[in-house]
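Peer 1: Contents of input_20.cif (mmCIF, C-alpha atoms) are given next:
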data_data
loop_
_atom_site.group_PDB
_atom_site.id
_atom_site.type_symbol
_atom_site.label_atom_id
_atom_site.label_comp_id
_atom_site.auth_asym_id
_atom_site.auth_seq_id
_atom_site.Cartn_x
_atom_site.Cartn_y
_atom_site.Cartn_z
ATOM 1 C CA MET A 1 -53.584 14.124 -82.412
ATOM 2 C CA THR A 2 -55.191 10.872 -81.251
ATOM 3 C CA ALA A 3 -55.206 9.361 -77.785
ATOM 4 C CA THR A 4 -52.480 6.866 -78.703
ATOM 5 C CA ASP A 5 -50.058 9.444 -80.094
ATOM 6 C CA GLU A 6 -47.282 10.616 -77.826
ATOM 7 C CA PRO A 7 -47.052 14.374 -77.300
ATOM 8 C CA SER A 8 -44.541 16.109 -79.480
ATOM 9 C CA GLU A 9 -41.749 18.178 -78.017
ATOM 10 C CA SER A 10 -43.680 21.356 -78.625
ATOM 11 C CA THR A 11 -46.770 20.167 -76.674
ATOM 12 C CA ALA A 12 -44.927 18.429 -73.833
ATOM 13 C CA PRO A 13 -44.592 20.360 -70.572
ATOM 14 C CA PRO A 14 -41.167 21.991 -70.106
ATOM 15 C CA GLY A 15 -40.021 19.618 -67.334
ATOM 16 C CA ALA A 16 -41.178 16.418 -69.081
ATOM 17 C CA ARG A 17 -38.280 16.243 -71.498
ATOM 18 C CA LEU A 18 -35.719 16.777 -68.737
ATOM 19 C CA SER A 19 -37.411 14.080 -66.665
ATOM 20 C CA GLU A 20 -37.234 11.634 -69.588
ATOM 21 C CA ASP A 21 -33.575 12.489 -70.184
ATOM 22 C CA LEU A 22 -32.731 11.904 -66.529
ATOM 23 C CA ARG A 23 -34.548 8.553 -66.509
ATOM 24 C CA GLY A 24 -32.337 7.420 -69.390
ATOM 25 C CA ILE A 25 -29.116 8.041 -67.486
ATOM 26 C CA GLU A 26 -27.889 4.951 -65.699
ATOM 27 C CA ARG A 27 -27.181 5.370 -62.032
ATOM 28 C CA ARG A 28 -23.519 5.146 -61.173
ATOM 29 C CA ARG A 29 -22.629 2.360 -58.826
ATOM 30 C CA PRO A 30 -20.644 3.386 -55.768
ATOM 31 C CA PHE A 31 -16.989 2.419 -55.826
ATOM 32 C CA ARG A 32 -16.496 -0.983 -54.235
ATOM 33 C CA TRP A 33 -13.562 -0.558 -51.876
ATOM 34 C CA GLY A 34 -13.914 -4.090 -50.522
ATOM 35 C CA LEU A 35 -13.417 -5.520 -53.995
ATOM 36 C CA LEU A 36 -10.280 -3.420 -54.554
ATOM 37 C CA ILE A 37 -8.807 -4.328 -51.166
ATOM 38 C CA GLY A 38 -9.599 -8.009 -51.764
ATOM 39 C CA ALA A 39 -7.891 -7.923 -55.157
ATOM 40 C CA VAL A 40 -4.779 -6.205 -53.759
ATOM 41 C CA LEU A 41 -4.558 -8.687 -50.871
ATOM 42 C CA SER A 42 -5.023 -11.616 -53.274
ATOM 43 C CA VAL A 43 -2.171 -10.425 -55.487
ATOM 44 C CA ALA A 44 0.026 -9.827 -52.431
ATOM 45 C CA SER A 45 -0.755 -13.332 -51.150
ATOM 46 C CA VAL A 46 0.095 -14.946 -54.487
ATOM 47 C CA LEU A 47 3.406 -13.032 -54.626
ATOM 48 C CA LEU A 48 4.206 -14.083 -51.055
ATOM 49 C CA VAL A 49 3.614 -17.742 -51.899
ATOM 50 C CA VAL A 50 5.582 -17.606 -55.185
ATOM 51 C CA GLN A 51 8.603 -15.869 -53.640
ATOM 52 C CA ASN A 52 8.956 -18.318 -50.733
ATOM 53 C CA GLY A 53 9.780 -21.676 -52.265
ATOM 54 C CA HIS A 54 12.441 -22.949 -49.873
ATOM 55 C CA SER A 55 11.805 -25.684 -47.323
ATOM 56 C CA THR A 56 11.284 -24.983 -43.637
ATOM 57 C CA GLY A 57 10.673 -26.894 -40.432
ATOM 58 C CA VAL A 58 7.276 -26.587 -38.787
ATOM 59 C CA GLN A 59 6.516 -27.455 -35.181
ATOM 60 C CA TRP A 60 2.853 -27.466 -34.140
ATOM 61 C CA LEU A 61 1.546 -29.247 -31.066
ATOM 62 C CA TRP A 62 3.185 -32.690 -31.299
ATOM 63 C CA LEU A 63 3.933 -32.468 -35.041
ATOM 64 C CA ASP A 64 7.422 -31.737 -36.293
ATOM 65 C CA VAL A 65 7.557 -31.704 -40.096
ATOM 66 C CA GLU A 66 9.649 -30.311 -42.920
ATOM 67 C CA MET A 67 7.641 -28.745 -45.752
ATOM 68 C CA PRO A 68 7.980 -26.132 -48.479
ATOM 69 C CA LEU A 69 7.251 -22.660 -47.137
ATOM 70 C CA TRP A 70 4.806 -21.971 -49.987
ATOM 71 C CA LEU A 71 2.680 -24.929 -48.845
ATOM 72 C CA LEU A 72 2.688 -23.651 -45.273
ATOM 73 C CA LEU A 73 1.609 -20.222 -46.523
ATOM 74 C CA VAL A 74 -1.205 -21.691 -48.640
ATOM 75 C CA VAL A 75 -2.468 -23.730 -45.677
ATOM 76 C CA THR A 76 -2.322 -20.640 -43.449
ATOM 77 C CA LEU A 77 -4.175 -18.500 -46.001
ATOM 78 C CA ALA A 78 -6.847 -21.177 -46.507
ATOM 79 C CA THR A 79 -7.303 -21.515 -42.741
ATOM 80 C CA GLY A 80 -7.733 -17.767 -42.441
ATOM 81 C CA MET A 81 -10.335 -17.775 -45.212
ATOM 82 C CA VAL A 82 -12.315 -20.576 -43.522
ATOM 83 C CA VAL A 83 -12.223 -18.833 -40.138
ATOM 84 C CA GLY A 84 -13.254 -15.518 -41.726
ATOM 85 C CA GLU A 85 -16.162 -17.109 -43.574
ATOM 86 C CA ALA A 86 -17.314 -18.912 -40.415
ATOM 87 C CA ALA A 87 -17.236 -15.616 -38.498
ATOM 88 C CA ARG A 88 -19.212 -13.877 -41.266
ATOM 89 C CA LEU A 89 -21.857 -16.613 -41.269
ATOM 90 C CA ALA A 90 -22.139 -16.504 -37.475
ATOM 91 C CA TRP A 91 -22.550 -12.721 -37.535
ATOM 92 C CA HIS A 92 -25.249 -12.885 -40.227
ATOM 93 C CA ARG A 93 -27.062 -15.636 -38.333
ATOM 94 C CA SER A 94 -27.050 -13.585 -35.116
ATOM 95 C CA ARG A 95 -28.336 -10.509 -36.995
ATOM 96 C CA SER A 96 -31.074 -12.579 -38.616
ATOM 97 C CA ARG A 97 -32.153 -14.051 -35.275
ATOM 98 C CA ALA A 98 -32.168 -10.596 -33.683
ATOM 99 C CA ALA A 99 -34.377 -9.314 -36.510
ATOM 100 C CA ASP A 100 -36.721 -12.301 -36.066
ATOM 101 C CA ARG A 101 -36.965 -11.611 -32.332
ATOM 102 C CA GLN A 102 -37.669 -7.932 -32.990
ATOM 103 C CA HIS A 103 -40.381 -8.839 -35.498
ATOM 104 C CA THR A 104 -41.970 -11.283 -33.030
ATOM 105 C CA LEU A 105 -41.925 -8.692 -30.243
ATOM 106 C CA SER A 106 -43.429 -5.967 -32.428
ATOM 107 C CA SER A 107 -46.150 -8.359 -33.669
ATOM 108 C CA ALA A 108 -46.979 -9.370 -30.103
ATOM 109 C CA GLY A 109 -47.107 -5.709 -29.051
ATOM 110 C CA ARG A 110 -49.541 -4.873 -31.858
ATOM 111 C CA ARG A 111 -51.786 -7.793 -30.868
ATOM 112 C CA LEU A 112 -51.766 -6.704 -27.214
ATOM 113 C CA ARG A 113 -52.693 -3.143 -28.152
ATOM 114 C CA ARG A 114 -55.636 -4.377 -30.214
ATOM 115 C CA SER A 115 -57.083 -6.416 -27.362
#
Would you give me this structure, written as structure tokens?

Peer 2:
Amino acid sequence: MTATDEPSESTAPPGARLSEDLRGIERRRPFRWGLLIGAVLSVASVLLVVQNGHSTGVQWLWLDVEMPLWLLLVVTLATGMVVGEAARLAWHRSRSRAADRQHTLSSAGRRLRRS
């Protein structure tokens, strides 16, 4: 056997083969509940819009308009999506700033301890 040859099964340690077998198994991804809930809510929203095609009166602030109910529902759903995305971005920004502050404080503390 030369240095470039791989060990045969008979010369490999007992745990080596099991380790190689386990490395070959792909890790299972955890079930994504958010994706399932999002899909169910999307289907429910589409059904809600499709089933409500009649016209309705809408009064908001000084506006008084007549519009198809499906259009009102689409506008409401889109507004909710925009507000939700804005809230998510604001939350991530606040978390990022908090992490930056924590990093700055820990760096300053290390420098003070050194001096």

Peer 1: Neighbouring residues of Ser45 in chain A were defined as those with any atom within 9 Å, considering all atoms listed in the file; residues of the same chain fewer than 5 positions away were excluded. Please report them as a PyMOL selection string.

Peer 2: chain A and resi 40+50+73-74+77

Peer 1: What does the distance from CA of His92 in chain A to CA of Ala39 in chain A come to in Å, to one decimal?

Peer 2: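 These two atoms are separated by 23.4 Å.
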
Peer 1: Using the chain letters and residue numbers of this document, give as a PDB file with C-alpha atoms, in the coordinates of the input the residues selected by the PyMOL selection byres ((chain A and resi 66) around 9).

Peer 2:
ATOM      1  CA  SER A  55      11.805 -25.684 -47.323  1.00  0.00           C
ATOM      2  CA  THR A  56      11.284 -24.983 -43.637  1.00  0.00           C
ATOM      3  CA  GLY A  57      10.673 -26.894 -40.432  1.00  0.00           C
ATOM      4  CA  VAL A  58       7.276 -26.587 -38.787  1.00  0.00           C
ATOM      5  CA  GLN A  59       6.516 -27.455 -35.181  1.00  0.00           C
ATOM      6  CA  ASP A  64       7.422 -31.737 -36.293  1.00  0.00           C
ATOM      7  CA  VAL A  65       7.557 -31.704 -40.096  1.00  0.00           C
ATOM      8  CA  MET A  67       7.641 -28.745 -45.752  1.00  0.00           C
ATOM      9  CA  PRO A  68       7.980 -26.132 -48.479  1.00  0.00           C
TER      10      PRO A  68
END

Peer 1: If I take CA of Thr76 in chain A and CA of Val49 in chain A, how far is one from the other in Å, to one decimal?

Peer 2: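 Value for the CA of Thr76 in chain A-CA of Val49 in chain A distance: 10.7 Å.
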
Peer 1: If I take CA of Leu47 in chain A and CA of Leu71 in chain A, how far is one from the other in Å, to one decimal?

Peer 2: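 So the two atoms, CA of Leu47 in chain A and CA of Leu71 in chain A, lie 13.2 Å apart.
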
Peer 1: Would you mind completing range 82-104 of chain A to N, CA and C atoms and writing the output as an mmCIF file, in the coordinates of the input?

Peer 2:
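Saved the output as rebuild-v7.cif:
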data_model
loop_
_atom_site.group_PDB
_atom_site.id
_atom_site.type_symbol
_atom_site.label_atom_id
_atom_site.label_comp_id
_atom_site.auth_asym_id
_atom_site.auth_seq_id
_atom_site.Cartn_x
_atom_site.Cartn_y
_atom_site.Cartn_z
ATOM 1 N N VAL A 82 -11.250 -19.766 -44.145
ATOM 2 C CA VAL A 82 -12.315 -20.576 -43.522
ATOM 3 C C VAL A 82 -12.787 -19.923 -42.226
ATOM 4 N N VAL A 83 -11.855 -19.480 -41.397
ATOM 5 C CA VAL A 83 -12.223 -18.833 -40.138
ATOM 6 C C VAL A 83 -12.992 -17.537 -40.408
ATOM 7 N N GLY A 84 -12.550 -16.750 -41.379
ATOM 8 C CA GLY A 84 -13.254 -15.518 -41.726
ATOM 9 C C GLY A 84 -14.663 -15.774 -42.223
ATOM 10 N N GLU A 85 -14.832 -16.779 -43.064
ATOM 11 C CA GLU A 85 -16.162 -17.109 -43.574
ATOM 12 C C GLU A 85 -17.065 -17.617 -42.455
ATOM 13 N N ALA A 86 -16.525 -18.426 -41.550
ATOM 14 C CA ALA A 86 -17.314 -18.912 -40.415
ATOM 15 C C ALA A 86 -17.761 -17.744 -39.530
ATOM 16 N N ALA A 87 -16.879 -16.788 -39.302
ATOM 17 C CA ALA A 87 -17.236 -15.616 -38.498
ATOM 18 C C ALA A 87 -18.311 -14.789 -39.189
ATOM 19 N N ARG A 88 -18.209 -14.636 -40.516
ATOM 20 C CA ARG A 88 -19.212 -13.877 -41.266
ATOM 21 C C ARG A 88 -20.577 -14.555 -41.190
ATOM 22 N N LEU A 89 -20.592 -15.880 -41.349
ATOM 23 C CA LEU A 89 -21.857 -16.613 -41.269
ATOM 24 C C LEU A 89 -22.468 -16.520 -39.875
ATOM 25 N N ALA A 90 -21.636 -16.619 -38.841
ATOM 26 C CA ALA A 90 -22.139 -16.504 -37.475
ATOM 27 C C ALA A 90 -22.704 -15.116 -37.220
ATOM 28 N N TRP A 91 -22.066 -14.088 -37.728
ATOM 29 C CA TRP A 91 -22.550 -12.721 -37.535
ATOM 30 C C TRP A 91 -23.884 -12.528 -38.240
ATOM 31 N N HIS A 92 -23.987 -13.015 -39.494
ATOM 32 C CA HIS A 92 -25.249 -12.885 -40.227
ATOM 33 C C HIS A 92 -26.366 -13.669 -39.543
ATOM 34 N N ARG A 93 -26.045 -14.847 -39.024
ATOM 35 C CA ARG A 93 -27.062 -15.636 -38.333
ATOM 36 C C ARG A 93 -27.546 -14.904 -37.084
ATOM 37 N N SER A 94 -26.631 -14.302 -36.323
ATOM 38 C CA SER A 94 -27.050 -13.585 -35.116
ATOM 39 C C SER A 94 -27.888 -12.361 -35.472
ATOM 40 N N ARG A 95 -27.547 -11.661 -36.559
ATOM 41 C CA ARG A 95 -28.336 -10.509 -36.995
ATOM 42 C C ARG A 95 -29.732 -10.945 -37.444
ATOM 43 N N SER A 96 -29.800 -12.068 -38.145
ATOM 44 C CA SER A 96 -31.074 -12.579 -38.616
ATOM 45 C C SER A 96 -31.961 -12.986 -37.439
ATOM 46 N N ARG A 97 -31.379 -13.653 -36.454
ATOM 47 C CA ARG A 97 -32.153 -14.051 -35.275
ATOM 48 C C ARG A 97 -32.617 -12.835 -34.483
ATOM 49 N N ALA A 98 -31.775 -11.816 -34.390
ATOM 50 C CA ALA A 98 -32.168 -10.596 -33.683
ATOM 51 C C ALA A 98 -33.331 -9.923 -34.409
ATOM 52 N N ALA A 99 -33.275 -9.910 -35.737
ATOM 53 C CA ALA A 99 -34.377 -9.314 -36.510
ATOM 54 C C ALA A 99 -35.652 -10.120 -36.331
ATOM 55 N N ASP A 100 -35.538 -11.451 -36.300
ATOM 56 C CA ASP A 100 -36.721 -12.301 -36.066
ATOM 57 C C ASP A 100 -37.324 -12.027 -34.695
ATOM 58 N N ARG A 101 -36.464 -11.909 -33.673
ATOM 59 C CA ARG A 101 -36.965 -11.611 -32.332
ATOM 60 C C ARG A 101 -37.663 -10.260 -32.295
ATOM 61 N N GLN A 102 -37.076 -9.266 -32.960
ATOM 62 C CA GLN A 102 -37.669 -7.932 -32.990
ATOM 63 C C GLN A 102 -39.019 -7.968 -33.684
ATOM 64 N N HIS A 103 -39.118 -8.716 -34.771
ATOM 65 C CA HIS A 103 -40.381 -8.839 -35.498
ATOM 66 C C HIS A 103 -41.431 -9.518 -34.622
ATOM 67 N N THR A 104 -41.038 -10.571 -33.914
ATOM 68 C CA THR A 104 -41.970 -11.283 -33.030
ATOM 69 C C THR A 104 -42.458 -10.366 -31.920
#
